[in-house]
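*Asks:* First the structure, then my questions, so here it is.
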Amino acid sequence: MKPVSRADLVDYQTYEDSGERFRGQAIAAKDARRVHVGPHLTFLFENTLTIRYQIQEMMRTERIVRERDIQHELETYNAVLGGPGELGCTLLIEIDDPAEQRAALAEDLASD
(Lines give C-alpha, C1' and ligand atoms only; values in the text may rest on other atoms or scores of the structure.)
Protein backbone atom coordinates (compact mmCIF):
# COMPACT_ATOMS: atom_id res chain seq x y z
CA MET A 1 0.00 0.00 0.00
CA LYS A 2 1.39 3.39 -0.96
CA PRO A 3 1.99 5.55 2.14
CA VAL A 4 0.57 9.05 2.38
CA SER A 5 3.18 11.67 1.49
CA ARG A 6 3.45 15.27 2.66
CA ALA A 7 2.48 16.38 -0.86
CA ASP A 8 -0.86 14.54 -0.45
CA LEU A 9 -1.88 16.83 2.43
CA VAL A 10 -3.29 20.34 2.52
CA ASP A 11 -3.30 22.75 5.43
CA TYR A 12 -6.21 22.38 7.84
CA GLN A 13 -7.99 25.54 6.70
CA THR A 14 -7.94 24.51 3.03
CA TYR A 15 -9.15 21.06 4.05
CA GLU A 16 -11.90 22.52 6.20
CA ASP A 17 -13.03 24.89 3.43
CA SER A 18 -13.09 22.36 0.61
CA GLY A 19 -13.00 18.91 2.14
CA GLU A 20 -16.66 17.79 1.84
CA ARG A 21 -16.15 15.81 -1.36
CA PHE A 22 -12.98 14.19 -0.03
CA ARG A 23 -14.67 13.42 3.31
CA GLY A 24 -17.53 11.71 1.46
CA GLN A 25 -15.12 9.55 -0.53
CA ALA A 26 -13.18 8.60 2.59
CA ILE A 27 -16.30 7.74 4.59
CA ALA A 28 -17.58 5.58 1.71
CA ALA A 29 -14.21 3.81 1.53
CA LYS A 30 -14.26 3.19 5.29
CA ASP A 31 -17.80 1.81 5.16
CA ALA A 32 -16.76 -0.77 2.57
CA ARG A 33 -13.70 -1.78 4.64
CA ARG A 34 -15.39 -2.38 8.03
CA VAL A 35 -15.86 -5.82 9.54
CA HIS A 36 -18.02 -5.98 12.68
CA VAL A 37 -17.18 -8.78 15.11
CA GLY A 38 -19.64 -9.21 17.95
CA PRO A 39 -21.46 -6.35 19.61
CA HIS A 40 -18.44 -4.15 20.40
CA LEU A 41 -15.59 -4.79 17.97
CA THR A 42 -15.04 -3.41 14.50
CA PHE A 43 -11.99 -3.95 12.32
CA LEU A 44 -11.32 -1.21 9.78
CA PHE A 45 -8.94 -2.34 7.03
CA GLU A 46 -7.07 0.80 6.10
CA ASN A 47 -5.78 2.03 2.77
CA THR A 48 -4.02 5.17 1.57
CA LEU A 49 -7.29 7.11 1.27
CA THR A 50 -8.54 6.24 4.76
CA ILE A 51 -5.16 7.03 6.32
CA ARG A 52 -4.95 10.34 4.45
CA TYR A 53 -8.41 11.17 5.79
CA GLN A 54 -7.32 10.37 9.36
CA ILE A 55 -4.24 12.58 9.05
CA GLN A 56 -6.24 15.46 7.56
CA GLU A 57 -8.84 15.13 10.33
CA MET A 58 -6.12 15.20 13.00
CA MET A 59 -4.58 18.28 11.41
CA ARG A 60 -8.00 19.94 11.32
CA THR A 61 -9.20 19.07 14.81
CA GLU A 62 -5.82 19.66 16.50
CA ARG A 63 -5.00 22.70 14.31
CA ILE A 64 -1.64 21.15 13.44
CA VAL A 65 0.53 23.47 11.37
CA ARG A 66 4.13 22.82 12.43
CA GLU A 67 5.97 20.72 9.90
CA ARG A 68 7.49 18.42 12.53
CA ASP A 69 4.02 17.74 13.93
CA ILE A 70 2.66 16.97 10.46
CA GLN A 71 5.58 14.62 9.87
CA HIS A 72 4.80 12.91 13.18
CA GLU A 73 1.20 12.32 12.06
CA LEU A 74 2.42 10.96 8.71
CA GLU A 75 4.81 8.53 10.39
CA THR A 76 2.27 7.43 12.98
CA TYR A 77 -0.61 6.79 10.60
CA ASN A 78 1.48 5.42 7.72
CA ALA A 79 2.78 2.77 10.12
CA VAL A 80 -0.79 1.41 10.30
CA LEU A 81 -0.63 0.56 6.59
CA GLY A 82 2.13 -1.96 7.20
CA GLY A 83 4.69 -3.08 4.69
CA PRO A 84 4.62 -5.19 1.54
CA GLY A 85 2.34 -8.20 1.92
CA GLU A 86 0.75 -6.86 5.12
CA LEU A 87 -2.75 -5.59 5.84
CA GLY A 88 -3.25 -2.50 7.93
CA CYS A 89 -6.14 -2.62 10.34
CA THR A 90 -7.54 -0.41 13.08
CA LEU A 91 -9.47 -2.09 15.89
CA LEU A 92 -12.39 -0.04 17.17
CA ILE A 93 -13.94 -0.94 20.51
CA GLU A 94 -17.44 0.49 20.48
CA ILE A 95 -19.24 0.78 23.79
CA ASP A 96 -21.56 3.79 23.79
CA ASP A 97 -22.96 3.60 27.31
CA PRO A 98 -20.57 5.22 29.86
CA ALA A 99 -21.64 2.83 32.63
CA GLU A 100 -20.98 -0.15 30.36
CA GLN A 101 -17.59 1.37 29.43
CA ARG A 102 -16.59 1.65 33.09
CA ALA A 103 -17.73 -1.90 33.81
CA ALA A 104 -15.80 -3.31 30.82
CA LEU A 105 -12.65 -1.40 31.79
CA ALA A 106 -12.93 -2.48 35.41
CA GLU A 107 -13.36 -6.10 34.31
CA ASP A 108 -10.36 -5.83 32.03
CA LEU A 109 -8.20 -4.29 34.74
CA ALA A 110 -9.27 -6.95 37.24
CA SER A 111 -8.20 -9.73 34.87
CA ASP A 112 -4.65 -8.32 34.51
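Going through the C-alpha coordinates in order, the chains are called A, B, and so on, while each chain numbers its residues from 1 and the ligands are numbered from 1 in the order shown.
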Taking the DSSP assignment computed from this structure's backbone, write out as a list in words all residues of chain A that belong to strand (DSSP E or B).
*Replies:*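 Selection result, strand (DSSP E or B) within chain A: Arg34, Val35, His36, Val37, Leu41, Thr42, Phe43, Leu44, Phe45, Cys89, Thr90, Leu91, Leu92 and Ile93 of chain A.
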*Asks:* Please provide as a ChimeraX atom specification all residues within 7 Å of Thr48 (chain A), with the sequence filter that same-chain residues fewer than 4 positions apart are discarded (counting only C-alpha atoms).
*Replies:* /A:1-4,52
*Asks:* Go through region 11-74 of chain A and flag each residue having an atom no more than 7 Å from region 78-98 of chain A; for those, report the closest pair of atoms plus their distance in Å to one decimal, using only C-alpha atoms, ordered by chain and rising number, as JSON lines.
*Replies:*
```
{"residue": "A:His40", "atom": "CA", "partner": "A:Glu94", "partner_atom": "CA", "distance": 4.8}
{"residue": "A:Leu41", "atom": "CA", "partner": "A:Ile93", "partner_atom": "CA", "distance": 4.9}
{"residue": "A:Thr42", "atom": "CA", "partner": "A:Leu92", "partner_atom": "CA", "distance": 5.1}
{"residue": "A:Phe43", "atom": "CA", "partner": "A:Leu91", "partner_atom": "CA", "distance": 4.7}
{"residue": "A:Leu44", "atom": "CA", "partner": "A:Thr90", "partner_atom": "CA", "distance": 5.1}
{"residue": "A:Phe45", "atom": "CA", "partner": "A:Cys89", "partner_atom": "CA", "distance": 4.4}
{"residue": "A:Glu46", "atom": "CA", "partner": "A:Gly88", "partner_atom": "CA", "distance": 5.4}
{"residue": "A:Asn47", "atom": "CA", "partner": "A:Leu81", "partner_atom": "CA", "distance": 6.6}
{"residue": "A:Ile51", "atom": "CA", "partner": "A:Asn78", "partner_atom": "CA", "distance": 7.0}
{"residue": "A:Leu74", "atom": "CA", "partner": "A:Asn78", "partner_atom": "CA", "distance": 5.7}
```
*Asks:* Would you mind exporting the chosen residues as a short mmCIF file (atom, residue, chain, number, x, y, z; two decimals), in the first residue's frame, restricted to N, CA and C atoms?
*Replies:*
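And here is the file that came out, selection11.cif:
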```
data_model
loop_
_atom_site.label_atom_id
_atom_site.label_comp_id
_atom_site.auth_asym_id
_atom_site.auth_seq_id
_atom_site.Cartn_x
_atom_site.Cartn_y
_atom_site.Cartn_z
N HIS A 40 -19.27 -5.30 20.04
CA HIS A 40 -18.44 -4.15 20.40
C HIS A 40 -17.18 -3.96 19.58
N LEU A 41 -16.85 -4.88 18.70
CA LEU A 41 -15.59 -4.79 17.97
C LEU A 41 -15.82 -4.56 16.49
N THR A 42 -15.02 -3.65 15.94
CA THR A 42 -15.04 -3.41 14.50
C THR A 42 -13.59 -3.31 14.02
N PHE A 43 -13.29 -4.04 12.97
CA PHE A 43 -11.99 -3.95 12.32
C PHE A 43 -12.16 -3.07 11.09
N LEU A 44 -11.30 -2.07 10.95
CA LEU A 44 -11.32 -1.21 9.78
C LEU A 44 -10.02 -1.44 9.03
N PHE A 45 -10.11 -2.06 7.85
CA PHE A 45 -8.94 -2.34 7.03
C PHE A 45 -8.60 -1.07 6.24
N GLU A 46 -7.47 -0.51 6.60
CA GLU A 46 -7.07 0.80 6.10
C GLU A 46 -6.43 0.74 4.71
N ASN A 47 -6.51 1.85 4.01
CA ASN A 47 -5.78 2.03 2.77
C ASN A 47 -5.26 3.47 2.73
N ILE A 51 -6.23 6.49 5.48
CA ILE A 51 -5.16 7.03 6.32
C ILE A 51 -4.98 8.52 6.05
N LEU A 74 2.16 11.81 9.88
CA LEU A 74 2.42 10.96 8.71
C LEU A 74 3.09 9.65 9.14
#
```
*Asks:* Name the residues in contact with region 6-14 of chain A at a cut-off of 12 Å, using only C-alpha atoms, excluding same-chain residues fewer than 5 positions from it; report them as number ranges by chain.
*Replies:* A: 19-20, 22, 48-49, 51-75, 78
*Asks:* Give the alpha helix (DSSP H) residues of chain A, as assigned by DSSP on the backbone, as an NGL selection string.
*Replies:* :A and (12-18 or 20-32 or 48-62 or 67-81 or 98-111)
*Asks:* Have a look at CA of Tyr77 (chain A) and CA of Arg21 (chain A) and let me know their distance in Å, one decimal.
*Replies:*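 Distance between the two atoms: 21.6 Å.
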